[in-house]
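Asker: data-v1.tsv (TSV, C-alpha atoms and all ligand atoms) pasted underneath:
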chain	number	residue	atom	x	y	z
A	200	MET	CA	86.47	110.87	138.08
A	201	LYS	CA	87.37	107.19	137.83
A	202	SER	CA	90.88	106.03	136.91
A	203	ASN	CA	91.46	103.77	133.90
A	204	GLN	CA	91.75	100.78	136.23
A	205	GLU	CA	88.55	101.60	138.14
A	206	LEU	CA	86.69	102.09	134.87
A	207	ILE	CA	87.94	98.77	133.47
A	208	LYS	CA	86.80	96.99	136.64
A	209	LEU	CA	83.34	98.56	136.45
A	210	THR	CA	82.93	97.65	132.76
A	211	ASN	CA	84.06	94.08	133.29
A	212	LYS	CA	81.66	93.59	136.18
A	213	TYR	CA	78.52	95.10	134.65
A	214	VAL	CA	78.80	95.34	130.85
A	215	ALA	CA	78.28	92.36	128.52
A	216	LYS	CA	81.60	91.13	127.17
A	217	ASN	CA	80.69	91.14	123.48
A	218	TYR	CA	83.54	93.55	122.68
A	219	GLY	CA	87.26	93.01	123.06
A	220	ARG	CA	88.15	96.35	124.63
A	221	TYR	CA	91.57	97.95	124.95
A	222	PRO	CA	92.59	98.74	128.55
A	223	ILE	CA	91.96	102.49	128.51
A	224	GLY	CA	88.89	104.60	129.28
A	225	LEU	CA	88.42	107.61	127.03
A	226	VAL	CA	86.93	110.61	128.76
A	227	ARG	CA	87.39	113.64	126.51
A	228	GLY	CA	87.93	114.50	122.86
A	229	LYS	CA	88.75	117.54	120.75
A	230	GLY	CA	89.52	117.60	117.04
A	231	THR	CA	91.83	114.72	116.13
A	232	ALA	CA	92.71	113.91	119.76
A	233	VAL	CA	91.17	112.01	122.69
A	234	TRP	CA	92.32	111.76	126.30
A	235	ASP	CA	92.13	108.79	128.67
A	236	ALA	CA	91.29	108.86	132.38
A	237	SER	CA	94.96	109.36	133.35
A	238	GLY	CA	95.18	112.45	131.13
A	239	LYS	CA	97.20	110.71	128.40
A	240	LYS	CA	96.58	112.11	124.91
A	241	TYR	CA	96.05	109.99	121.80
A	242	ILE	CA	95.85	110.98	118.14
A	243	ASP	CA	92.79	109.15	116.89
A	244	PHE	CA	93.13	107.18	113.63
A	245	VAL	CA	89.97	105.19	114.43
A	246	ALA	CA	87.52	108.11	114.72
A	247	GLY	CA	84.84	106.05	116.47
A	248	LEU	CA	84.97	103.59	113.55
A	249	ALA	CA	84.40	106.15	110.77
A	250	VAL	CA	81.89	108.16	112.82
A	251	ASN	CA	83.85	111.24	113.86
A	252	ASN	CA	84.65	112.47	110.36
A	253	LEU	CA	84.74	116.08	111.60
A	254	GLY	CA	86.83	115.11	114.60
A	255	HIS	CA	85.71	115.05	118.22
A	256	CYS	CA	83.14	117.54	119.47
A	257	PRO	CA	83.07	119.73	116.34
A	258	PRO	CA	81.96	123.15	117.70
A	259	THR	CA	79.13	123.74	115.19
A	260	VAL	CA	77.66	120.28	115.85
A	261	VAL	CA	77.92	120.72	119.62
A	262	LYS	CA	76.24	124.12	119.30
A	263	ALA	CA	73.39	122.71	117.20
A	264	ILE	CA	72.85	119.87	119.68
A	265	ARG	CA	72.75	122.31	122.63
A	266	LYS	CA	70.27	124.52	120.83
A	267	GLN	CA	67.99	121.64	119.79
A	268	ALA	CA	68.23	119.98	123.23
A	269	GLY	CA	66.63	123.03	124.81
A	270	LYS	CA	63.86	123.12	122.22
A	271	LEU	CA	62.57	119.61	121.43
A	272	LEU	CA	64.19	116.19	121.95
A	273	HIS	CA	61.60	113.68	120.81
A	274	VAL	CA	57.99	113.55	119.63
A	275	SER	CA	57.70	110.37	117.46
A	276	ASN	CA	56.89	110.08	113.79
A	277	LEU	CA	53.17	110.56	114.40
A	278	TYR	CA	53.96	114.21	113.69
A	279	HIS	CA	56.02	116.31	111.30
A	280	ILE	CA	59.51	117.10	112.58
A	281	GLU	CA	61.27	120.13	111.13
A	282	PRO	CA	64.93	119.05	111.48
A	283	GLN	CA	63.99	115.66	109.92
A	284	SER	CA	62.33	117.21	106.86
A	285	GLN	CA	65.24	119.62	106.48
A	286	LEU	CA	67.80	116.83	106.73
A	287	ALA	CA	65.93	114.75	104.14
A	288	SER	CA	65.78	117.75	101.84
A	289	GLU	CA	69.52	118.34	102.26
A	290	LEU	CA	70.37	114.66	101.66
A	291	THR	CA	68.28	114.53	98.49
A	292	ARG	CA	70.10	117.64	97.25
A	293	LEU	CA	73.43	115.88	97.84
A	294	THR	CA	72.55	112.41	96.46
A	295	PHE	CA	70.68	110.66	93.61
A	296	ALA	CA	67.85	109.83	96.04
A	297	ASP	CA	64.45	111.58	96.07
A	298	LYS	CA	63.35	110.58	99.56
A	299	PHE	CA	64.81	109.21	102.81
A	300	PHE	CA	63.71	106.98	105.66
A	301	PHE	CA	65.45	107.55	109.01
A	302	CYS	CA	66.50	105.08	111.70
A	303	ASN	CA	69.21	104.93	114.35
A	304	SER	CA	72.05	102.74	113.08
A	305	GLY	CA	73.69	101.14	110.09
A	306	THR	CA	72.20	97.73	110.56
A	307	GLU	CA	68.73	99.29	110.74
A	308	ALA	CA	69.39	101.19	107.51
A	309	ASN	CA	70.25	97.90	105.79
A	310	GLU	CA	67.17	96.19	107.27
A	311	ALA	CA	65.13	99.01	105.76
A	312	ALA	CA	66.80	98.56	102.35
A	313	ILE	CA	66.19	94.79	102.42
A	314	LYS	CA	62.54	95.30	103.36
A	315	LEU	CA	62.07	97.99	100.72
A	316	ALA	CA	63.53	95.76	97.97
A	317	ARG	CA	61.25	92.86	98.92
A	318	ARG	CA	58.21	95.06	99.28
A	319	TRP	CA	58.79	96.79	95.95
A	320	PHE	CA	58.69	93.51	94.06
A	321	TYR	CA	55.71	92.37	96.13
A	322	ASP	CA	53.85	95.57	95.21
A	323	ASN	CA	54.77	95.00	91.56
A	324	GLY	CA	53.22	91.54	91.43
A	325	GLN	CA	56.42	89.52	91.94
A	326	PRO	CA	56.18	88.34	95.59
A	327	LYS	CA	58.45	85.35	94.92
A	328	ARG	CA	61.29	87.58	93.79
A	329	PHE	CA	62.98	88.13	97.17
A	330	GLU	CA	66.58	86.95	96.92
A	331	ILE	CA	69.45	89.39	97.40
A	332	ILE	CA	72.99	88.84	96.18
A	333	THR	CA	75.73	89.98	98.58
A	334	MET	CA	79.53	89.80	98.50
A	335	ARG	CA	82.04	87.59	100.27
A	336	ASP	CA	83.82	89.45	103.12
A	337	SER	CA	81.03	92.01	103.23
A	338	PHE	CA	79.79	93.58	106.44
A	339	HIS	CA	76.23	94.86	106.75
A	340	GLY	CA	75.51	94.77	110.50
A	341	ARG	CA	74.55	92.54	113.40
A	342	THR	CA	70.76	92.21	113.37
A	343	MET	CA	69.32	89.04	111.81
A	344	ALA	CA	68.67	90.25	108.25
A	345	SER	CA	71.88	92.30	108.08
A	346	LEU	CA	74.02	89.49	109.49
A	347	SER	CA	72.40	87.05	107.07
A	348	ALA	CA	73.37	89.47	104.28
A	349	THR	CA	76.92	89.59	105.66
A	350	ALA	CA	78.98	86.87	103.97
A	351	GLN	CA	81.43	86.17	106.79
A	352	LYS	CA	81.26	82.91	108.71
A	353	LYS	CA	82.49	84.40	112.00
A	354	ILE	CA	79.47	86.75	112.04
A	355	HIS	CA	77.07	83.78	111.59
A	356	THR	CA	78.51	81.31	114.09
A	357	GLY	CA	75.94	80.28	116.68
A	358	PHE	CA	73.17	82.40	115.21
A	359	THR	CA	71.63	80.03	112.67
A	360	PRO	CA	69.13	79.57	111.15
A	361	LEU	CA	69.91	82.65	109.10
A	362	LEU	CA	67.21	84.62	107.35
A	363	PRO	CA	66.58	82.95	103.98
A	364	GLY	CA	66.98	84.86	100.74
A	365	PHE	CA	70.66	85.76	100.50
A	366	LYS	CA	73.13	84.45	97.96
A	367	TYR	CA	76.86	85.09	98.35
A	368	VAL	CA	79.27	85.69	95.48
A	369	PRO	CA	82.98	86.62	95.39
A	370	PHE	CA	83.70	90.37	95.29
A	371	ASN	CA	84.92	91.91	92.00
A	372	ASN	CA	84.00	88.78	90.01
A	373	ILE	CA	81.44	89.53	87.33
A	374	ALA	CA	81.34	85.96	85.97
A	375	ALA	CA	80.38	84.61	89.40
A	376	PHE	CA	77.72	87.29	89.69
A	377	LYS	CA	76.20	86.39	86.32
A	378	LYS	CA	76.19	82.73	87.29
A	379	ALA	CA	74.24	83.51	90.47
A	380	LEU	CA	71.42	85.25	88.62
A	381	THR	CA	68.01	83.61	88.69
A	382	LYS	CA	64.44	84.84	88.37
A	383	LYS	CA	64.29	85.07	92.17
A	384	ILE	CA	66.96	87.78	92.48
A	385	CYS	CA	65.48	91.14	93.42
A	386	ALA	CA	68.57	93.10	94.48
A	387	VAL	CA	72.33	93.29	94.92
A	388	LEU	CA	73.73	94.71	98.16
A	389	ILE	CA	77.34	95.89	98.03
A	390	GLU	CA	79.84	98.16	99.79
A	391	PRO	CA	81.75	100.17	97.15
A	392	VAL	CA	84.76	99.75	99.43
A	393	GLN	CA	84.48	96.86	101.88
A	394	GLY	CA	85.24	98.13	105.37
A	395	GLU	CA	85.34	95.43	108.05
A	396	GLY	CA	86.20	92.90	105.33
A	397	GLY	CA	89.65	94.45	104.88
A	398	VAL	CA	89.36	97.76	102.99
A	399	ASN	CA	88.81	96.06	99.63
A	400	LEU	CA	88.11	98.41	96.72
A	401	ALA	CA	85.50	97.51	94.11
A	402	GLN	CA	86.87	97.86	90.59
A	403	GLU	CA	85.18	100.55	88.53
A	404	THR	CA	84.56	98.15	85.65
A	405	TYR	CA	82.95	95.70	88.07
A	406	LEU	CA	80.49	98.24	89.49
A	407	LYS	CA	79.69	99.52	86.01
A	408	SER	CA	78.95	95.97	84.84
A	409	LEU	CA	76.77	95.41	87.90
A	410	ARG	CA	74.83	98.57	87.10
A	411	LYS	CA	74.37	97.48	83.49
A	412	ILE	CA	73.16	93.98	84.35
A	413	CYS	CA	70.83	95.33	87.06
A	414	ASN	CA	69.31	97.68	84.48
A	415	GLU	CA	68.81	94.87	81.98
A	416	LYS	CA	67.24	92.48	84.49
A	417	GLY	CA	65.28	94.99	86.58
A	418	ILE	CA	67.37	94.19	89.68
A	419	LEU	CA	67.80	96.87	92.37
A	420	LEU	CA	71.36	97.98	93.09
A	421	ILE	CA	71.84	98.79	96.78
A	422	PHE	CA	75.00	100.56	97.97
A	423	ASP	CA	75.88	100.22	101.64
A	424	GLU	CA	77.73	103.52	102.15
A	425	ILE	CA	77.54	103.35	105.92
A	426	GLN	CA	81.34	103.42	106.20
A	427	THR	CA	82.28	104.98	102.83
A	428	GLY	CA	79.84	107.90	103.11
A	429	PHE	CA	80.40	111.51	104.18
A	430	GLY	CA	83.79	112.11	102.63
A	431	ARG	CA	85.54	109.01	103.88
A	432	THR	CA	86.77	108.04	100.39
A	433	GLY	CA	87.45	111.62	99.24
A	434	SER	CA	84.07	112.38	97.66
A	435	LEU	CA	80.93	112.93	99.73
A	436	PHE	CA	79.73	109.44	98.69
A	437	ALA	CA	81.83	106.69	97.12
A	438	TYR	CA	79.33	106.06	94.30
A	439	GLU	CA	80.21	109.49	92.87
A	440	ARG	CA	83.77	108.25	92.22
A	441	TYR	CA	82.44	105.50	89.94
A	442	LYS	CA	80.07	107.72	87.98
A	443	ILE	CA	77.15	105.34	88.47
A	444	LYS	CA	74.08	105.65	90.64
A	445	PRO	CA	72.65	102.92	92.83
A	446	ASP	CA	68.87	102.56	93.29
A	447	ILE	CA	69.05	102.50	97.09
A	448	ILE	CA	71.68	103.87	99.47
A	449	THR	CA	72.18	103.14	103.18
A	450	LEU	CA	73.89	105.62	105.51
A	451	ALA	CA	74.80	105.84	109.19
A	452	LYS	CA	78.14	106.18	111.07
A	453	ALA	CA	79.33	109.74	110.21
A	454	LEU	CA	75.82	110.91	109.25
A	455	GLY	CA	75.10	112.38	112.71
A	456	GLY	CA	78.46	114.05	113.39
A	457	GLY	CA	78.82	111.75	116.42
A	458	ILE	CA	75.14	111.21	117.27
A	459	ALA	CA	73.39	107.92	116.42
A	460	ILE	CA	71.35	108.12	113.22
A	461	GLY	CA	70.88	105.96	110.13
A	462	ALA	CA	69.14	106.57	106.82
A	463	MET	CA	68.01	104.76	103.70
A	464	GLY	CA	67.34	106.69	100.51
A	465	SER	CA	65.92	105.84	97.12
A	466	THR	CA	64.11	107.19	94.10
A	467	ASN	CA	60.43	108.20	94.28
A	468	LYS	CA	59.41	105.20	92.18
A	469	ILE	CA	60.94	102.66	94.56
A	470	ILE	CA	60.53	104.27	97.98
A	471	GLU	CA	56.81	104.63	97.28
A	472	SER	CA	56.58	101.03	98.49
A	473	PHE	CA	57.22	102.30	102.01
A	474	SER	CA	53.56	103.23	102.33
A	475	PRO	CA	51.97	104.09	105.70
A	476	GLY	CA	52.39	101.24	108.18
A	477	THR	CA	54.99	99.21	106.24
A	478	HIS	CA	58.01	100.18	108.33
A	479	GLY	CA	59.06	102.38	111.22
A	480	ALA	CA	61.44	103.26	114.03
A	481	THR	CA	60.36	105.12	117.16
A	482	PHE	CA	63.49	107.26	117.43
A	483	GLY	CA	64.13	107.40	113.66
A	484	GLY	CA	64.79	110.94	112.51
A	485	ASN	CA	64.34	112.46	115.97
A	486	PRO	CA	64.90	116.23	116.28
A	487	LEU	CA	68.20	115.98	118.19
A	488	ALA	CA	69.94	113.55	115.83
A	489	CYS	CA	68.72	115.42	112.75
A	490	ALA	CA	69.88	118.78	114.08
A	491	ALA	CA	73.34	117.30	114.72
A	492	SER	CA	73.35	115.77	111.25
A	493	LEU	CA	72.38	119.02	109.56
A	494	ALA	CA	75.20	120.88	111.32
A	495	SER	CA	77.66	118.13	110.39
A	496	LEU	CA	76.63	118.16	106.71
A	497	LYS	CA	77.08	121.92	106.60
A	498	ASN	CA	80.73	121.48	107.60
A	499	LEU	CA	81.40	118.53	105.29
A	500	THR	CA	80.04	120.40	102.27
A	501	LYS	CA	82.01	123.60	102.92
A	502	LYS	CA	84.01	124.64	99.89
A	503	GLY	CA	87.38	122.92	99.81
A	504	PHE	CA	86.79	120.68	102.84
A	505	LEU	CA	86.62	117.37	100.99
A	506	GLN	CA	89.39	118.31	98.54
A	507	LYS	CA	91.68	118.90	101.52
A	508	ALA	CA	90.71	115.58	103.12
A	509	SER	CA	91.24	113.82	99.81
A	510	SER	CA	94.73	115.27	99.38
A	511	GLN	CA	95.63	114.30	102.96
A	512	GLY	CA	94.49	110.79	102.03
A	513	ASP	CA	96.73	110.78	98.94
A	514	TYR	CA	99.67	111.91	101.07
A	515	PHE	CA	98.92	109.24	103.72
A	516	LEU	CA	98.65	106.51	101.08
A	517	LYS	CA	101.97	107.57	99.55
A	518	GLN	CA	103.67	107.33	102.95
A	519	LEU	CA	102.19	103.84	103.45
A	520	TYR	CA	103.58	102.77	100.06
A	521	CYS	CA	107.00	104.06	101.20
A	522	LEU	CA	106.71	101.83	104.28
A	523	LYS	CA	105.92	98.88	102.02
A	524	GLU	CA	109.18	99.50	100.12
A	525	LYS	CA	111.09	99.27	103.41
A	526	PHE	CA	109.35	96.39	105.19
A	527	SER	CA	108.84	92.93	103.77
A	528	ILE	CA	106.26	92.09	106.47
A	529	ILE	CA	103.85	94.38	104.59
A	530	ARG	CA	101.94	92.27	102.12
A	531	GLU	CA	99.76	94.99	100.66
A	532	VAL	CA	98.73	98.63	101.07
A	533	ARG	CA	95.12	99.44	100.16
A	534	GLY	CA	92.63	102.24	100.31
A	535	VAL	CA	91.22	105.47	98.99
A	536	GLY	CA	90.69	108.86	100.60
A	537	LEU	CA	91.07	108.46	104.35
A	538	MET	CA	89.96	104.81	104.39
A	539	LEU	CA	93.34	103.07	104.34
A	540	ALA	CA	94.87	99.76	105.34
A	541	VAL	CA	98.13	97.86	105.58
A	542	GLU	CA	97.96	94.09	105.34
A	543	LEU	CA	100.79	92.29	107.13
A	544	ASP	CA	102.03	88.73	106.66
A	545	GLN	CA	101.34	88.20	110.39
A	546	PRO	CA	98.81	89.26	113.06
A	547	GLY	CA	98.65	93.00	113.68
A	548	ALA	CA	97.31	93.02	117.26
A	549	ASN	CA	100.67	94.04	118.76
A	550	VAL	CA	100.96	96.95	116.31
A	551	VAL	CA	97.74	98.35	117.77
A	552	THR	CA	98.92	98.05	121.38
A	553	ASP	CA	102.41	99.40	120.57
A	554	CYS	CA	100.83	102.40	118.82
A	555	MET	CA	98.57	102.95	121.82
A	556	GLU	CA	101.65	103.12	124.08
A	557	GLU	CA	102.96	105.86	121.80
A	558	GLY	CA	99.68	107.79	121.92
A	559	LEU	CA	98.18	106.71	118.60
A	560	LEU	CA	94.87	104.88	118.16
A	561	ILE	CA	94.59	102.50	115.19
A	562	ASN	CA	92.48	99.41	114.53
A	563	CYS	CA	93.16	95.86	113.35
A	564	ILE	CA	90.70	93.86	111.22
A	565	GLN	CA	90.71	90.35	109.76
A	566	GLN	CA	93.71	89.48	112.04
A	567	ASN	CA	96.45	90.80	109.75
A	568	THR	CA	95.12	94.10	108.46
A	569	ILE	CA	95.72	97.44	110.18
A	570	ARG	CA	93.07	99.98	109.29
A	571	PHE	CA	93.26	103.78	109.42
A	572	LEU	CA	90.07	105.85	109.52
A	573	PRO	CA	91.20	109.21	110.93
A	574	PRO	CA	88.96	112.26	111.20
A	575	LEU	CA	88.95	114.05	107.84
A	576	ILE	CA	90.64	117.01	109.55
A	577	ILE	CA	93.81	114.98	110.20
A	578	LYS	CA	97.03	117.00	109.80
A	579	ARG	CA	100.18	116.06	107.86
A	580	LYS	CA	102.33	116.19	110.97
A	581	GLU	CA	99.96	113.74	112.66
A	582	ILE	CA	100.21	111.40	109.69
A	583	ASP	CA	104.01	111.77	109.80
A	584	LEU	CA	104.03	110.89	113.50
A	585	LEU	CA	102.06	107.72	112.82
A	586	ILE	CA	104.34	106.73	109.93
A	587	THR	CA	107.48	107.24	112.04
A	588	THR	CA	105.95	105.19	114.86
A	589	LEU	CA	104.88	102.38	112.51
A	590	SER	CA	108.35	102.40	111.02
A	591	LYS	CA	109.88	101.81	114.48
A	592	ILE	CA	107.39	99.05	115.30
A	593	PHE	CA	107.89	97.27	111.96
A	594	THR	CA	111.69	97.48	112.38
A	595	LYS	CA	111.34	95.72	115.73
A	596	MET	CA	108.99	93.11	114.20
A	597	GLN	CA	111.38	92.31	111.35
A	598	GLN	CA	114.36	91.68	113.60
B	1	LIG	C1	79.40	99.67	110.58
B	1	LIG	C2	78.74	99.16	109.37
B	1	LIG	C3	77.44	98.66	109.40
B	1	LIG	C4	76.65	98.52	110.70
B	1	LIG	O1	76.40	99.74	111.30
B	1	LIG	P1	75.89	99.76	112.83
B	1	LIG	O2	75.58	101.22	113.07
B	1	LIG	O3	76.99	99.24	113.69
B	1	LIG	O4	74.68	98.91	112.90
B	1	LIG	C5	76.87	98.25	108.22
B	1	LIG	N1	77.53	98.34	107.05
B	1	LIG	C6	78.79	98.82	106.98
B	1	LIG	C7	79.48	98.90	105.66
B	1	LIG	C8	79.44	99.23	108.14
B	1	LIG	O5	80.71	99.66	108.07
For this file, produce the structure as structure tokens.
Answerer:
Amino acid sequence: MKSNQELIKLTNKYVAKNYGRYPIGLVRGKGTAVWDASGKKYIDFVAGLAVNNLGHCPPTVVKAIRKQAGKLLHVSNLYHIEPQSQLASELTRLTFADKFFFCNSGTEANEAAIKLARRWFYDNGQPKRFEIITMRDSFHGRTMASLSATAQKKIHTGFTPLLPGFKYVPFNNIAAFKKALTKKICAVLIEPVQGEGGVNLAQETYLKSLRKICNEKGILLIFDEIQTGFGRTGSLFAYERYKIKPDIITLAKALGGGIAIGAMGSTNKIIESFSPGTHGATFGGNPLACAASLASLKNLTKKGFLQKASSQGDYFLKQLYCLKEKFSIIREVRGVGLMLAVELDQPGANVVTDCMEEGLLINCIQQNTIRFLPPLIIKRKEIDLLITTLSKIFTKMQQ
């Protein structure tokens, strides 16, 4: 096996440098922990960026993958695929949606939602109604339509011209939203809790107003739950917390229990516009990914699982508020469930590297914001260890 240093050298020589990587190579994972090439253990508060909600290598998911791998890996969507139909059936049972389309990533799920919204109005005799309102500081992915929907300059730089048909408004501002409405607007695309944008929570009144206006004007409400889905915010999906239903939902990240898969779901009336030949993805809904996803969903929906995760999140949040009382460098504490963040009055990059030294993986976004997305099986004593470590680091920073 290669050492951390050998692995870093190999990556730097042969892999495109579009990621800023930390100087460790991770080789093994189990539950809430991962190990690097030197054998050092880390408690993982990143969880593959909200992918490993059940922790690393959850036994039932691994078992399902092994079983499916020996049976059928791929056949294409020219045929019926049992794990795919089963997964769709399970997802419709768990959501407002009647049917699902499958792809392989979050950005693809959003591309599908954007295409479906446009196509639905086209099919209903309004081909010029194609504009989609999205939110400032949103994040919807890196392919051309999704990055055009993403209202963050740093994601756009050097990639213009963007895809036309997106209009950006400030988050949680209903007046600005109303002002942006024209006859061309076909949909609104929003994360109920913005992830990459800084863990910004939508206000309940805001989402309810959006729902109401969308109903009045016949606009489609699309929730990007790629990061908030699968228990991350304490309920299986964040929209349940707000007691409203979107018209379209996009899913990925934790959907596959660690395997790449994305999905877009909607009601029968709307998703009918995805008629034969309108859209597709070769690997979308392949047997392996769907088998993994089914096994993962079975765990997530076990009685008491999400309640436990939600109460760990409440405990975690409370501890972060205690830190805020003690340290003036903390500007704000935000989050819900196990999607939490601490905004500092200065860059947080050194907090990440200091934590890594101490065997804790965390993530920094928007320069000053430290984000915590642990597996939903995180233990109190692991949260306590992180809090103690942060406390030491912040003490040093305030001196
Ligand atoms: C990660 C993310 C995406 C993009 O998903 P990929 O699988 O990286 O394409 C889109 N929307 C949200 C809210 C995300 O967090």
Asker: Quick one: 5 Å padding each side, axis-aligned, all listed atoms of ligand LIG 1 (chain B) - centre and edge lengths in Å to one decimal, as lines of an AutoDock Vina configuration file?
Answerer:
center_x = 77.7
center_y = 99.7
center_z = 109.7
size_x = 16.0
size_y = 13.0
size_z = 18.0
Asker: Taking (91.4, 118.0, 104.0) in the file's own coordinates, collect the residues within 12 Å, counting all atoms listed in the file, and hand them back as number ranges by chain.
Answerer: A: 252-254, 430-434, 498-515, 536-537, 573-579
Asker: With only C-alpha atoms and all ligand atoms counted and 8 Å as the cut-off, give the residues of chain A in contact with ligand LIG 1 (chain B), each with its shortest interatomic distance in Å and the pair that gives it, as a tab-separated table.
Answerer:
residue	atom	partner	partner_atom	distance
A:Leu248	CA	B:LIG1	C1	7.4
A:Ala249	CA	B:LIG1	O5	7.9
A:Asn303	CA	B:LIG1	O2	7.5
A:Ser304	CA	B:LIG1	O2	3.8
A:Gly305	CA	B:LIG1	O1	3.3
A:Thr306	CA	B:LIG1	O4	3.6
A:Glu307	CA	B:LIG1	O4	6.3
A:Ala308	CA	B:LIG1	O4	7.9
A:Asn309	CA	B:LIG1	C5	7.1
A:Ser337	CA	B:LIG1	C7	7.5
A:Phe338	CA	B:LIG1	N1	5.3
A:His339	CA	B:LIG1	N1	3.7
A:Gly340	CA	B:LIG1	C4	3.9
A:Arg341	CA	B:LIG1	O4	6.4
A:Thr342	CA	B:LIG1	O4	7.8
A:Ser345	CA	B:LIG1	C5	7.8
A:Glu390	CA	B:LIG1	C7	5.9
A:Gln393	CA	B:LIG1	C7	6.6
A:Gly394	CA	B:LIG1	O5	5.5
A:Glu395	CA	B:LIG1	O5	6.3
A:Asp423	CA	B:LIG1	C7	5.6
A:Glu424	CA	B:LIG1	C7	6.1
A:Ile425	CA	B:LIG1	C6	4.8
A:Gln426	CA	B:LIG1	O5	4.2
A:Thr427	CA	B:LIG1	C7	7.3
A:Ala451	CA	B:LIG1	O2	6.1
A:Lys452	CA	B:LIG1	O2	5.9
A:Ala459	CA	B:LIG1	O2	7.8
A:Gly461	CA	B:LIG1	O2	7.3
Asker: Identify, on the basis of only C-alpha atoms, every residue whose closest approach to A:Thr466 does not exceed 12 Å; exclude the query and any residue fewer than 2 positions from it along the same chain; express the result as a short mmCIF file (atom, residue, chain, number, x, y, z; two decimals) with C-alpha atoms, in the frame of the given file.
Answerer:
data_model
loop_
_atom_site.label_atom_id
_atom_site.label_comp_id
_atom_site.auth_asym_id
_atom_site.auth_seq_id
_atom_site.Cartn_x
_atom_site.Cartn_y
_atom_site.Cartn_z
CA THR A 291 68.28 114.53 98.49
CA THR A 294 72.55 112.41 96.46
CA PHE A 295 70.68 110.66 93.61
CA ALA A 296 67.85 109.83 96.04
CA ASP A 297 64.45 111.58 96.07
CA LYS A 298 63.35 110.58 99.56
CA PHE A 299 64.81 109.21 102.81
CA PHE A 300 63.71 106.98 105.66
CA LEU A 315 62.07 97.99 100.72
CA TRP A 319 58.79 96.79 95.95
CA LEU A 419 67.80 96.87 92.37
CA LEU A 420 71.36 97.98 93.09
CA ILE A 421 71.84 98.79 96.78
CA LYS A 444 74.08 105.65 90.64
CA PRO A 445 72.65 102.92 92.83
CA ASP A 446 68.87 102.56 93.29
CA ILE A 447 69.05 102.50 97.09
CA ILE A 448 71.68 103.87 99.47
CA MET A 463 68.01 104.76 103.70
CA GLY A 464 67.34 106.69 100.51
CA LYS A 468 59.41 105.20 92.18
CA ILE A 469 60.94 102.66 94.56
CA ILE A 470 60.53 104.27 97.98
CA GLU A 471 56.81 104.63 97.28
CA SER A 472 56.58 101.03 98.49
CA PHE A 473 57.22 102.30 102.01
#
Asker: How far is it from atom CA of A:Ile586 to atom CA of A:Val550, in Å with one decimal?
Answerer: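 The value is 12.2 Å.
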Asker: Using only C-alpha atoms and a cutoff of 9 Å, can you tell me which residues are near (87.7, 98.9, 133.1) in the file's coordinates, and write them out as a PDB file with C-alpha atoms, in the frame of the given file?
Answerer:
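What landed in out-v7.pdb:
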ATOM      1  CA  SER A 202      90.880 106.030 136.910  1.00  0.00           C
ATOM      2  CA  ASN A 203      91.460 103.770 133.900  1.00  0.00           C
ATOM      3  CA  GLN A 204      91.750 100.780 136.230  1.00  0.00           C
ATOM      4  CA  GLU A 205      88.550 101.600 138.140  1.00  0.00           C
ATOM      5  CA  LEU A 206      86.690 102.090 134.870  1.00  0.00           C
ATOM      6  CA  ILE A 207      87.940  98.770 133.470  1.00  0.00           C
ATOM      7  CA  LYS A 208      86.800  96.990 136.640  1.00  0.00           C
ATOM      8  CA  LEU A 209      83.340  98.560 136.450  1.00  0.00           C
ATOM      9  CA  THR A 210      82.930  97.650 132.760  1.00  0.00           C
ATOM     10  CA  ASN A 211      84.060  94.080 133.290  1.00  0.00           C
ATOM     11  CA  LYS A 212      81.660  93.590 136.180  1.00  0.00           C
ATOM     12  CA  ARG A 220      88.150  96.350 124.630  1.00  0.00           C
ATOM     13  CA  PRO A 222      92.590  98.740 128.550  1.00  0.00           C
ATOM     14  CA  ILE A 223      91.960 102.490 128.510  1.00  0.00           C
ATOM     15  CA  GLY A 224      88.890 104.600 129.280  1.00  0.00           C
TER      16      GLY A 224
END
Asker: May I ask which of the residues A:Thr333, A:Asn549, A:Gln267, A:Gln598 is the closest one to A:Pro486, counting all atoms listed in the file?
Answerer: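 Ranked by minimum distance to A:Pro486, first place goes to A:Gln267.
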Asker: Could you jot down the atom CA of A:Leu225 to atom CA of A:Lys591 separation for me, Å, one decimal place?
Answerer: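 These atoms are spaced 25.5 Å apart.
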Asker: Could you tell me how far atom CA of A:Val535 sits from atom CA of A:Met555, in Å to one decimal place?
Answerer: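 We find that atom CA of A:Met555 and atom CA of A:Val535 lie 24.1 Å from each other.
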Asker: Write out as a tab-separated table (two decimals) with C-alpha atoms, keeping the file's coordinate frame which residues come within 9 Å of stretch 539-543 of chain A when counting only C-alpha atoms, dropping same-chain ones fewer than 4 positions away.
Answerer:
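part_3.tsv, freshly written:
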chain	number	residue	atom	x	y	z
A	397	GLY	CA	89.65	94.45	104.88
A	398	VAL	CA	89.36	97.76	102.99
A	512	GLY	CA	94.49	110.79	102.03
A	515	PHE	CA	98.92	109.24	103.72
A	516	LEU	CA	98.65	106.51	101.08
A	519	LEU	CA	102.19	103.84	103.45
A	523	LYS	CA	105.92	98.88	102.02
A	527	SER	CA	108.84	92.93	103.77
A	528	ILE	CA	106.26	92.09	106.47
A	529	ILE	CA	103.85	94.38	104.59
A	530	ARG	CA	101.94	92.27	102.12
A	531	GLU	CA	99.76	94.99	100.66
A	532	VAL	CA	98.73	98.63	101.07
A	533	ARG	CA	95.12	99.44	100.16
A	534	GLY	CA	92.63	102.24	100.31
A	535	VAL	CA	91.22	105.47	98.99
A	547	GLY	CA	98.65	93.00	113.68
A	567	ASN	CA	96.45	90.80	109.75
A	568	THR	CA	95.12	94.10	108.46
A	569	ILE	CA	95.72	97.44	110.18
A	570	ARG	CA	93.07	99.98	109.29
A	571	PHE	CA	93.26	103.78	109.42
A	572	LEU	CA	90.07	105.85	109.52
